[in-house]
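Below is the file target_22.txt, which contains compact mmCIF, C-alpha atoms.
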```txt
# COMPACT_ATOMS: atom_id res chain seq x y z
CA MET N 115 -3.24 -8.77 44.84
CA MET N 116 -2.77 -10.02 41.28
CA ALA N 117 -3.66 -7.89 38.27
CA ASP N 118 -6.07 -9.21 35.67
CA LEU N 119 -4.80 -9.55 32.11
CA LYS N 120 -7.36 -8.45 29.55
CA THR N 121 -7.44 -8.02 25.80
CA LYS N 122 -6.67 -4.57 24.45
CA TYR N 123 -7.45 -3.35 20.93
CA PRO N 124 -5.13 -0.45 20.03
CA SER N 125 -6.51 2.60 18.22
CA THR N 126 -4.84 1.50 14.97
CA SER N 127 -6.24 -1.98 15.35
CA SER N 128 -6.83 -2.95 11.69
CA VAL N 129 -3.95 -2.95 9.21
CA ASP N 130 -3.97 -3.94 5.51
CA LEU N 131 -1.26 -6.29 4.29
CA THR N 132 0.81 -5.26 1.29
CA ILE N 133 -0.06 -7.89 -1.32
CA THR N 134 -1.04 -7.40 -4.96
CA LEU N 135 -3.77 -9.90 -5.81
CA THR N 136 -4.91 -8.15 -9.01
CA ALA N 137 -4.13 -10.34 -12.05
CA LEU N 138 -2.81 -13.22 -9.91
CA ALA N 139 -2.65 -16.11 -12.39
CA THR N 140 -4.26 -19.47 -11.79
CA ASN N 141 -2.51 -22.79 -11.19
CA ALA N 142 -3.55 -26.10 -12.77
CA ALA N 143 -6.40 -27.87 -10.96
CA GLY N 144 -5.35 -28.98 -7.48
CA VAL N 145 -1.96 -27.25 -7.67
CA PHE N 146 -1.14 -24.28 -5.43
CA LEU N 147 2.61 -23.75 -5.94
CA ALA N 148 2.57 -20.46 -7.91
CA GLY N 149 1.12 -17.50 -6.07
CA ARG N 150 1.77 -14.19 -4.41
CA GLU N 151 3.47 -13.50 -1.10
CA SER N 152 2.77 -10.44 1.00
CA THR N 153 5.31 -8.10 2.46
CA ALA N 154 6.11 -9.46 5.92
CA VAL N 155 4.57 -7.85 8.98
CA ASP N 156 7.19 -6.66 11.49
CA ASN N 157 5.89 -6.92 15.06
CA SER N 158 9.18 -6.05 16.77
CA THR N 159 7.99 -2.53 17.72
CA ASP N 160 4.27 -3.01 18.47
CA LEU N 161 4.78 -6.27 20.40
CA ASP N 162 1.22 -7.41 19.71
CA LEU N 163 0.16 -10.73 21.23
CA ASP N 164 -1.80 -11.83 18.17
CA HIS N 165 -3.06 -10.74 14.78
CA LEU N 166 -6.45 -11.85 13.44
CA LEU N 167 -6.11 -12.24 9.67
CA SER N 168 -9.20 -11.89 7.45
CA GLY N 169 -9.99 -10.57 4.04
CA VAL N 170 -11.84 -10.52 0.77
CA ILE N 171 -10.61 -11.89 -2.56
CA THR N 172 -12.36 -11.28 -5.89
CA VAL N 173 -12.34 -13.79 -8.75
CA GLY N 174 -12.01 -12.85 -12.41
CA SER N 175 -14.52 -11.18 -14.69
CA VAL N 176 -14.87 -14.43 -16.66
CA ALA N 177 -16.71 -17.22 -14.85
CA PRO N 178 -14.25 -19.36 -12.90
CA THR N 179 -14.47 -23.15 -12.70
CA VAL N 180 -16.92 -24.23 -9.99
CA SER N 181 -15.61 -25.93 -6.83
CA ARG N 182 -12.03 -24.75 -7.30
CA SER N 183 -10.18 -23.00 -4.47
CA ILE N 184 -8.28 -19.94 -3.35
CA ASN N 185 -5.84 -20.98 -0.61
CA ILE N 186 -4.24 -18.69 1.94
CA TYR N 187 -1.11 -19.75 3.85
CA ALA N 188 0.99 -18.01 6.52
CA TYR N 189 4.77 -17.92 6.63
CA ALA N 190 7.34 -16.91 9.22
CA PRO N 191 11.14 -16.85 9.19
CA ILE N 192 13.13 -20.00 9.76
CA SER N 193 15.71 -17.86 11.57
CA VAL N 194 16.27 -14.26 12.63
CA ALA N 195 19.97 -13.45 12.93
CA SER N 196 20.79 -9.98 14.26
CA GLY N 197 17.21 -8.88 13.54
CA THR N 198 17.29 -9.99 9.90
CA PRO N 199 14.78 -12.71 9.01
CA THR N 200 15.56 -15.62 6.69
CA TYR N 201 12.38 -16.99 5.11
CA PRO N 202 11.72 -20.54 3.88
CA ASP N 203 12.18 -21.73 0.30
CA VAL N 204 11.70 -18.91 -2.27
CA LEU N 205 9.99 -16.44 0.06
CA ASP N 206 11.75 -13.16 0.81
CA GLY N 207 9.27 -11.09 2.85
CA THR N 208 8.31 -8.75 -0.01
CA ASP N 209 5.11 -8.39 -2.07
CA SER N 210 6.08 -10.54 -5.05
CA ALA N 211 5.09 -13.44 -7.29
CA GLU N 212 6.67 -16.69 -6.12
CA THR N 213 6.61 -20.36 -7.09
CA MET N 214 7.27 -22.79 -4.27
CA THR N 215 9.79 -25.56 -5.03
CA SER N 216 7.36 -28.44 -4.48
CA ALA N 217 4.16 -29.32 -2.64
CA ASN N 218 6.17 -31.11 0.06
CA VAL N 219 8.45 -28.11 0.59
CA MET N 220 5.44 -25.76 0.72
CA ASN N 221 3.47 -27.95 3.13
CA SER N 222 6.40 -28.19 5.54
CA ALA N 223 7.35 -24.49 5.35
CA LEU N 224 3.94 -22.76 5.42
CA ARG N 225 0.93 -22.91 7.74
CA PHE N 226 -2.52 -23.35 6.20
CA VAL N 227 -4.85 -20.41 7.00
CA ALA N 228 -8.00 -20.85 4.89
CA SER N 229 -9.43 -22.27 1.69
CA ILE N 230 -12.20 -20.52 -0.21
CA THR N 231 -14.25 -22.84 -2.43
CA ILE N 232 -15.70 -20.85 -5.30
CA ASP N 233 -18.74 -21.12 -7.49
CA ALA N 234 -19.02 -20.31 -11.21
CA THR N 235 -19.95 -16.64 -10.73
CA ALA N 236 -17.69 -14.07 -12.38
CA SER N 237 -16.40 -11.08 -10.36
CA ARG N 238 -17.64 -12.49 -7.04
CA ALA N 239 -15.96 -11.30 -3.86
CA TYR N 240 -15.27 -14.00 -1.25
CA ASN N 241 -14.63 -13.16 2.40
CA PHE N 242 -12.85 -15.37 4.88
CA ALA N 243 -13.34 -15.16 8.63
CA PRO N 244 -10.62 -14.01 11.04
CA VAL N 245 -7.89 -16.54 11.85
CA SER N 246 -5.43 -16.18 14.72
CA ILE N 247 -1.88 -16.03 13.35
CA ALA N 248 -0.44 -16.92 16.78
CA SER N 249 -2.51 -20.13 16.82
CA LEU N 250 -0.80 -21.24 13.60
CA PHE N 251 2.64 -20.95 15.19
CA GLY N 252 2.25 -22.76 18.52
CA GLY N 253 0.32 -19.97 20.23
CA VAL N 254 3.05 -17.32 19.80
CA LEU N 255 2.89 -14.53 17.23
CA PRO N 256 6.13 -14.56 15.21
CA ARG N 257 8.16 -11.34 15.20
CA PHE N 258 7.82 -11.38 11.38
CA TRP N 259 5.09 -13.10 9.37
CA GLY N 260 3.28 -12.85 6.04
CA VAL N 261 0.90 -14.68 3.74
CA PHE N 262 1.10 -16.61 0.49
CA VAL N 263 -2.01 -16.82 -1.73
CA ALA N 264 -2.45 -19.32 -4.57
CA HIS N 265 -5.50 -20.51 -6.50
CA ASP N 266 -6.73 -22.89 -9.20
CA THR N 267 -9.91 -21.05 -10.30
CA ALA N 268 -8.99 -21.21 -14.03
CA GLN N 269 -9.18 -17.37 -14.22
CA ASN N 270 -6.93 -14.60 -12.96
CA LEU N 271 -8.03 -12.90 -9.75
CA THR N 272 -9.16 -9.28 -10.05
CA GLY N 273 -8.20 -8.10 -6.58
CA GLY N 274 -8.68 -8.33 -2.88
CA THR N 275 -7.66 -6.97 0.48
CA LEU N 276 -6.18 -8.93 3.36
CA SER N 277 -5.91 -7.26 6.73
CA TYR N 278 -5.21 -8.11 10.32
CA GLU N 279 -6.60 -6.84 13.60
CA ARG N 280 -4.01 -6.17 16.26
CA ILE N 281 -4.49 -7.80 19.67
CA GLN N 282 -2.57 -6.61 22.73
CA GLY N 283 -2.71 -7.33 26.44
CA GLN N 284 -3.23 -4.99 29.36
CA THR N 285 -3.27 -5.38 33.10
CA VAL N 286 -6.17 -3.95 35.04
```

Any chance you could give the structure as structure tokens?
Amino acid sequence: MMADLKTKYPSTSSVDLTITLTALATNAAGVFLAGRESTAVDNSTDLDLDHLLSGVITVGSVAPTVSRSINIYAYAPISVASGTPTYPDVLDGTDSAETMTSANVMNSALRFVASITIDATASRAYNFAPVSIASLFGGVLPRFWGVFVAHDTAQNLTGGTLSYERIQGQTV
């Protein structure tokens, strides 16, 4: 008799990413190279099957430019030698301001998660729906992963929280 594999949500199922979005400066219109990377998530102990990333990001207290965007990208190491990840381009796996080398480098190194189109309302909080991190990387959750957030709203962001829900498997 074969066991059924079912989804399991562990008791600590929702975890906030370490990323400082307060005062994140804007890029020029249509440019998303300068932004903030999160501290990488280390899944080598929990061995989760997937993480569902979602969050809320708040625009500045001065009205932003209508129809501009806040973009969220995911990153993973390009190699993990002896348990130590090496990240693409300028990323280092820590909560820090970064400027990607070029749009072509960024688009080849990162995976697009979501784009939030904003309106001209100051201090508005924008949510984005859960996205499977494993689905961005060929259906397998990387051992280490993080996010990069960049925007062109013409105003600094005032904050936000990005979190992920842990997904595990169980046999029944």

I'd like to know which of N:Asp156, N:Asp162, N:Asp209, N:Asp130 is closest to Trp259 of chain N, using all atoms listed in the file.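 Checking each candidate against Trp259 of chain N, we get N:Asp156 as the closest.
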
Suppose you want the space between atom CA of Leu224 of chain N and atom CA of Ala190 of chain N; what is it in Å? 7.8 Å

How close does each residue of segment 233-268 of chain N get to segment 157-160 of chain N, giving the shortest atom pair and distance in Å to one decimal for every residue with an atom at most 8 Å away, counting all atoms listed in the file, sorted by chain and residue number, as a Markdown table?
```
| residue | atom | partner | partner_atom | distance |
| --- | --- | --- | --- | --- |
| N:Pro256 | CA | N:Asn157 | CA | 7.6 |
| N:Arg257 | CA | N:Asn157 | CA | 5.0 |
| N:Phe258 | CA | N:Asn157 | CA | 6.1 |
```

Quick one: of N:Ala177, N:Leu250, N:Ala211, N:Ala236, who's nearest to Leu135 of chain N, counting all atoms listed in the file?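 Nearest to Leu135 of chain N: N:Ala211.
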
Using only C-alpha atoms, which of N:Met116, N:Met220, N:Ile232, N:Val204 sits nearest Leu147 of chain N?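 Of the candidates, the smallest distance to Leu147 of chain N is held by N:Met220.
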
What does the distance from atom CA of Thr213 of chain N to atom CA of Phe146 of chain N come to in Å, to one decimal? 8.8 Å

Nearest candidate to Ala223 of chain N (options N:Gly207, N:Pro178, N:Pro191, N:Pro124; using all atoms listed in the file):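 Checking each of N:Gly207, N:Pro178, N:Pro191, N:Pro124 against Ala223 of chain N, counting all atoms listed in the file, the winner is N:Pro191.
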
Distance in Å - atom CA of Thr272 of chain N versus atom CA of Ala137 of chain N: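 Rounded to one decimal, the two atoms are 5.5 Å apart.
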